[in-house]
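Take a look at the structure set out below.
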Amino acid sequence: MALSEGTTGPDSPDRRGGVRYRRAALMGVPAFLAASTLVVLTAQGALAAQFAISGMPFVVSADSLEGKGFGQFGAMDNMAEGSPNAGDTGGQVLTIVTAIREAKLTNLCQSVELGGTYLHITAGNKGTPVQASGLTTDSTDITGKLADFDNIEIGGDASTFEKPPVKGPLGSFGQQADTVKLRDLRQVNYATTAVRFTLPDLHMNFSSEGC
């Protein structure tokens, strides 16, 4: 039977084009879903950011830190291949990862030495604290005059943690707590990541002294 004008049959160009379009759209669904999942996980702080560290340590200090959803465990940070800062480390630095779901810091200071001078950053020193969500710091040294934890669990497998925004590697020793309070915090860090970082009264300059 002949097709009437304007009708599309199984072998018509319009019909074949529609089938190809639908197949292409269906093939793109898994990739779209995977990408969407990564975006959601990153936004929730459930997926730690992965990047090559510079290998240059920087100091972070604060008069106080208050956080909700605390976790801590060990991890290995890696420099870019051939980094001039690798020295005899093989381009790897063993660090203490501190992860906090929501944090507030007063009188924050950060400095990194650059050939005899320091890049110096301050914030949160005029009554409004620095706020961070999904905060992680990779440190080689942490000190404070006082550390106060609520419902702390020490010695757990960091891959099973639910309180901090990120989990540690399977089988890694860690600790987690509902809340943390630190006074006179000082860290030597190799990396910091956050889902959101709000720095009121930000001031950045070069200085002869670090934090």
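Residue names in the structure tokens use chain letters A, B, ... in the order shown, residue numbers from 1 in each chain, and ligand numbers from 1 in the order shown.
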**OP:** Just the residues within 7 Å of segment 198-204 of chain A, please, counting only C-alpha atoms, with nothing from its chain fewer than 2 positions along; format it as a list in words.
**Re:**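 Returned residues: His120, Ile121, Thr122, Ala123, Gly124, Thr128, Val130, Gln131, Ala132 and Arg196 of chain A.
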Store the residues picked out above in a file with all heavy atoms, as a short mmCIF file (atom, residue, chain, number, x, y, z; two decimals), in the first residue's frame.
data_model
loop_
_atom_site.label_atom_id
_atom_site.label_comp_id
_atom_site.auth_asym_id
_atom_site.auth_seq_id
_atom_site.Cartn_x
_atom_site.Cartn_y
_atom_site.Cartn_z
N HIS A 120 51.40 36.17 52.45
CA HIS A 120 50.74 36.23 53.76
C HIS A 120 49.26 36.53 53.55
O HIS A 120 48.91 37.48 52.87
CB HIS A 120 51.43 37.34 54.57
CG HIS A 120 51.12 37.33 56.03
ND1 HIS A 120 50.08 38.06 56.58
CD2 HIS A 120 51.73 36.70 57.07
CE1 HIS A 120 50.07 37.88 57.89
NE2 HIS A 120 51.06 37.06 58.21
N ILE A 121 48.40 35.71 54.14
CA ILE A 121 46.95 35.88 54.00
C ILE A 121 46.31 35.86 55.39
O ILE A 121 46.62 34.99 56.21
CB ILE A 121 46.33 34.74 53.15
CG1 ILE A 121 46.95 34.73 51.75
CG2 ILE A 121 44.82 34.89 53.05
CD1 ILE A 121 46.56 33.50 50.94
N THR A 122 45.45 36.83 55.66
CA THR A 122 44.69 36.84 56.92
C THR A 122 43.21 37.04 56.61
O THR A 122 42.84 37.62 55.58
CB THR A 122 45.17 37.96 57.86
OG1 THR A 122 45.02 39.22 57.22
CG2 THR A 122 46.62 37.74 58.26
N ALA A 123 42.36 36.58 57.51
CA ALA A 123 40.91 36.74 57.38
C ALA A 123 40.25 36.39 58.70
O ALA A 123 40.84 35.73 59.56
CB ALA A 123 40.36 35.84 56.27
N GLY A 124 39.02 36.84 58.87
CA GLY A 124 38.25 36.49 60.06
C GLY A 124 38.78 37.08 61.34
O GLY A 124 38.64 36.48 62.41
N THR A 128 33.97 38.62 62.54
CA THR A 128 33.22 37.64 61.74
C THR A 128 34.16 36.50 61.37
O THR A 128 35.16 36.73 60.68
CB THR A 128 32.66 38.27 60.45
OG1 THR A 128 31.85 39.39 60.80
CG2 THR A 128 31.84 37.26 59.67
N VAL A 130 35.93 33.08 59.75
CA VAL A 130 36.00 32.35 58.49
C VAL A 130 35.11 31.12 58.61
O VAL A 130 35.07 30.47 59.65
CB VAL A 130 37.46 31.93 58.20
CG1 VAL A 130 37.53 30.95 57.04
CG2 VAL A 130 38.33 33.16 57.94
N GLN A 131 34.37 30.81 57.53
CA GLN A 131 33.52 29.63 57.53
C GLN A 131 33.88 28.73 56.36
O GLN A 131 34.17 29.21 55.26
CB GLN A 131 32.04 30.03 57.43
CG GLN A 131 31.57 30.87 58.62
CD GLN A 131 30.06 31.04 58.64
OE1 GLN A 131 29.31 30.07 58.59
NE2 GLN A 131 29.62 32.28 58.74
N ALA A 132 33.87 27.43 56.62
CA ALA A 132 34.20 26.45 55.59
C ALA A 132 33.29 25.25 55.71
O ALA A 132 32.96 24.82 56.83
CB ALA A 132 35.66 26.01 55.71
N ARG A 196 33.12 24.85 50.21
CA ARG A 196 32.92 26.31 50.24
C ARG A 196 33.83 26.89 51.32
O ARG A 196 33.97 26.35 52.40
CB ARG A 196 31.46 26.67 50.53
CG ARG A 196 31.21 28.19 50.60
CD ARG A 196 29.74 28.48 50.77
NE ARG A 196 28.98 28.12 49.60
CZ ARG A 196 28.83 28.89 48.53
NH1 ARG A 196 29.41 30.08 48.48
NH2 ARG A 196 28.11 28.49 47.51
#
**OP:** Give me the residues within 12 Å of Pro84 of chain A as a PyMOL selection string, counting only C-alpha atoms and dropping any in the same chain fewer than 5 places off.
**Re:** chain A and resi 53-56+79+89-91
**OP:** Give the helix (DSSP H, G or I) residues of segment 23-197 of chain A, as DSSP finds them on the backbone, and put them as a list in words.
**Re:**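 Of segment 23-197 of chain A, only Arg23, Ala24, Ala25, Leu26, Met27, Gly28, Val29, Pro30, Ala31, Phe32, Leu33, Ala34, Ala35, Ser36, Thr37, Leu38, Val39, Val40, Leu41, Thr42, Ala43, Ala158, Ser159 and Thr160 of chain A fall in helix (DSSP H, G or I).
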Keeping only all heavy atoms, write the selected residues as a compact mmCIF listing (two decimals), in the first residue's frame.
# COMPACT_ATOMS: atom_id res chain seq x y z
N ARG A 23 18.70 6.54 19.68
CA ARG A 23 19.80 5.66 20.10
C ARG A 23 20.96 6.48 20.68
O ARG A 23 21.55 6.12 21.68
CB ARG A 23 20.28 4.84 18.90
CG ARG A 23 19.34 3.71 18.52
CD ARG A 23 19.84 2.99 17.29
NE ARG A 23 18.94 1.89 16.92
CZ ARG A 23 19.05 1.20 15.80
NH1 ARG A 23 20.00 1.51 14.92
NH2 ARG A 23 18.22 0.22 15.54
N ALA A 24 21.29 7.57 20.03
CA ALA A 24 22.37 8.43 20.52
C ALA A 24 22.04 8.99 21.89
O ALA A 24 22.89 9.06 22.78
CB ALA A 24 22.63 9.56 19.53
N ALA A 25 20.77 9.39 22.07
CA ALA A 25 20.36 9.94 23.35
C ALA A 25 20.47 8.89 24.45
O ALA A 25 20.94 9.17 25.56
CB ALA A 25 18.93 10.47 23.27
N LEU A 26 20.04 7.64 24.15
CA LEU A 26 20.12 6.58 25.14
C LEU A 26 21.55 6.24 25.49
O LEU A 26 21.88 5.94 26.63
CB LEU A 26 19.39 5.33 24.63
CG LEU A 26 17.85 5.44 24.58
CD1 LEU A 26 17.27 4.22 23.90
CD2 LEU A 26 17.29 5.58 25.99
N MET A 27 22.44 6.26 24.49
CA MET A 27 23.85 5.96 24.74
C MET A 27 24.48 7.01 25.65
O MET A 27 25.41 6.73 26.39
CB MET A 27 24.62 5.89 23.42
CG MET A 27 24.27 4.66 22.58
SD MET A 27 25.04 4.73 20.95
CE MET A 27 26.76 4.64 21.40
N GLY A 28 23.96 8.23 25.60
CA GLY A 28 24.52 9.29 26.41
C GLY A 28 24.03 9.30 27.85
O GLY A 28 24.61 9.97 28.70
N VAL A 29 22.97 8.53 28.15
CA VAL A 29 22.40 8.54 29.49
C VAL A 29 23.37 8.06 30.56
O VAL A 29 23.54 8.70 31.59
CB VAL A 29 21.09 7.71 29.52
CG1 VAL A 29 20.66 7.45 30.95
CG2 VAL A 29 20.00 8.46 28.77
N PRO A 30 24.07 6.90 30.36
CA PRO A 30 24.99 6.46 31.41
C PRO A 30 26.08 7.48 31.72
O PRO A 30 26.40 7.72 32.88
CB PRO A 30 25.59 5.17 30.84
CG PRO A 30 24.56 4.69 29.87
CD PRO A 30 23.98 5.93 29.26
N ALA A 31 26.65 8.08 30.68
CA ALA A 31 27.70 9.08 30.91
C ALA A 31 27.15 10.29 31.65
O ALA A 31 27.80 10.83 32.56
CB ALA A 31 28.29 9.51 29.57
N PHE A 32 25.94 10.70 31.30
CA PHE A 32 25.32 11.85 31.98
C PHE A 32 25.07 11.54 33.45
O PHE A 32 25.35 12.34 34.33
CB PHE A 32 24.01 12.22 31.29
CG PHE A 32 23.22 13.26 32.05
CD1 PHE A 32 23.59 14.60 31.99
CD2 PHE A 32 22.13 12.90 32.81
CE1 PHE A 32 22.87 15.56 32.68
CE2 PHE A 32 21.41 13.86 33.52
CZ PHE A 32 21.79 15.19 33.44
N LEU A 33 24.56 10.33 33.72
CA LEU A 33 24.28 9.95 35.10
C LEU A 33 25.56 9.87 35.92
O LEU A 33 25.61 10.30 37.07
CB LEU A 33 23.55 8.60 35.14
CG LEU A 33 22.11 8.61 34.61
CD1 LEU A 33 21.55 7.20 34.62
CD2 LEU A 33 21.23 9.53 35.44
N ALA A 34 26.63 9.33 35.32
CA ALA A 34 27.89 9.23 36.03
C ALA A 34 28.44 10.62 36.36
O ALA A 34 28.91 10.88 37.47
CB ALA A 34 28.91 8.45 35.20
N ALA A 35 28.37 11.51 35.37
CA ALA A 35 28.87 12.88 35.59
C ALA A 35 28.03 13.58 36.65
O ALA A 35 28.57 14.28 37.51
CB ALA A 35 28.84 13.67 34.28
N SER A 36 26.72 13.38 36.61
CA SER A 36 25.85 14.02 37.60
C SER A 36 26.15 13.51 39.00
O SER A 36 26.17 14.27 39.97
CB SER A 36 24.37 13.73 37.26
OG SER A 36 24.05 14.26 36.00
N THR A 37 26.42 12.20 39.12
CA THR A 37 26.75 11.62 40.42
C THR A 37 28.02 12.23 40.98
O THR A 37 28.11 12.56 42.16
CB THR A 37 26.91 10.09 40.31
OG1 THR A 37 25.69 9.54 39.82
CG2 THR A 37 27.24 9.48 41.66
N LEU A 38 29.05 12.39 40.13
CA LEU A 38 30.30 12.99 40.58
C LEU A 38 30.09 14.41 41.06
O LEU A 38 30.65 14.82 42.07
CB LEU A 38 31.33 12.96 39.44
CG LEU A 38 31.90 11.59 39.08
CD1 LEU A 38 32.80 11.70 37.86
CD2 LEU A 38 32.69 11.00 40.24
N VAL A 39 29.26 15.17 40.33
CA VAL A 39 28.99 16.55 40.74
C VAL A 39 28.31 16.57 42.10
O VAL A 39 28.67 17.36 42.98
CB VAL A 39 28.11 17.26 39.69
CG1 VAL A 39 27.62 18.59 40.22
CG2 VAL A 39 28.90 17.48 38.41
N VAL A 40 27.32 15.70 42.30
CA VAL A 40 26.60 15.66 43.58
C VAL A 40 27.53 15.26 44.71
O VAL A 40 27.54 15.86 45.78
CB VAL A 40 25.41 14.69 43.49
CG1 VAL A 40 24.80 14.48 44.87
CG2 VAL A 40 24.35 15.25 42.54
N LEU A 41 28.36 14.22 44.48
CA LEU A 41 29.27 13.76 45.52
C LEU A 41 30.27 14.84 45.89
O LEU A 41 30.57 15.05 47.07
CB LEU A 41 30.01 12.51 45.05
CG LEU A 41 29.18 11.23 44.97
CD1 LEU A 41 30.00 10.12 44.35
CD2 LEU A 41 28.68 10.80 46.34
N THR A 42 30.78 15.54 44.88
CA THR A 42 31.73 16.62 45.17
C THR A 42 31.05 17.73 45.95
O THR A 42 31.61 18.26 46.90
CB THR A 42 32.31 17.17 43.85
OG1 THR A 42 32.94 16.11 43.15
CG2 THR A 42 33.32 18.26 44.13
N ALA A 43 29.83 18.09 45.56
CA ALA A 43 29.11 19.17 46.25
C ALA A 43 28.81 18.80 47.69
O ALA A 43 28.78 19.66 48.57
CB ALA A 43 27.82 19.49 45.50
N ALA A 158 38.89 4.11 58.98
CA ALA A 158 38.47 5.40 58.43
C ALA A 158 37.56 5.27 57.22
O ALA A 158 36.84 6.21 56.88
CB ALA A 158 39.70 6.24 58.06
N SER A 159 37.55 4.10 56.58
CA SER A 159 36.66 3.91 55.43
C SER A 159 35.21 3.76 55.84
O SER A 159 34.31 3.83 55.00
CB SER A 159 37.10 2.69 54.61
OG SER A 159 36.84 1.49 55.33
N THR A 160 34.96 3.56 57.15
CA THR A 160 33.59 3.38 57.64
C THR A 160 33.04 4.64 58.30
O THR A 160 31.91 4.64 58.77
CB THR A 160 33.54 2.24 58.68
OG1 THR A 160 34.28 2.63 59.86
CG2 THR A 160 34.14 0.96 58.12
Subject >> Proximity to Glu102 of chain A - best of A:Thr192, A:Gln175, A:Thr136, A:Ser207, only C-alpha atoms >> reply: A:Thr136
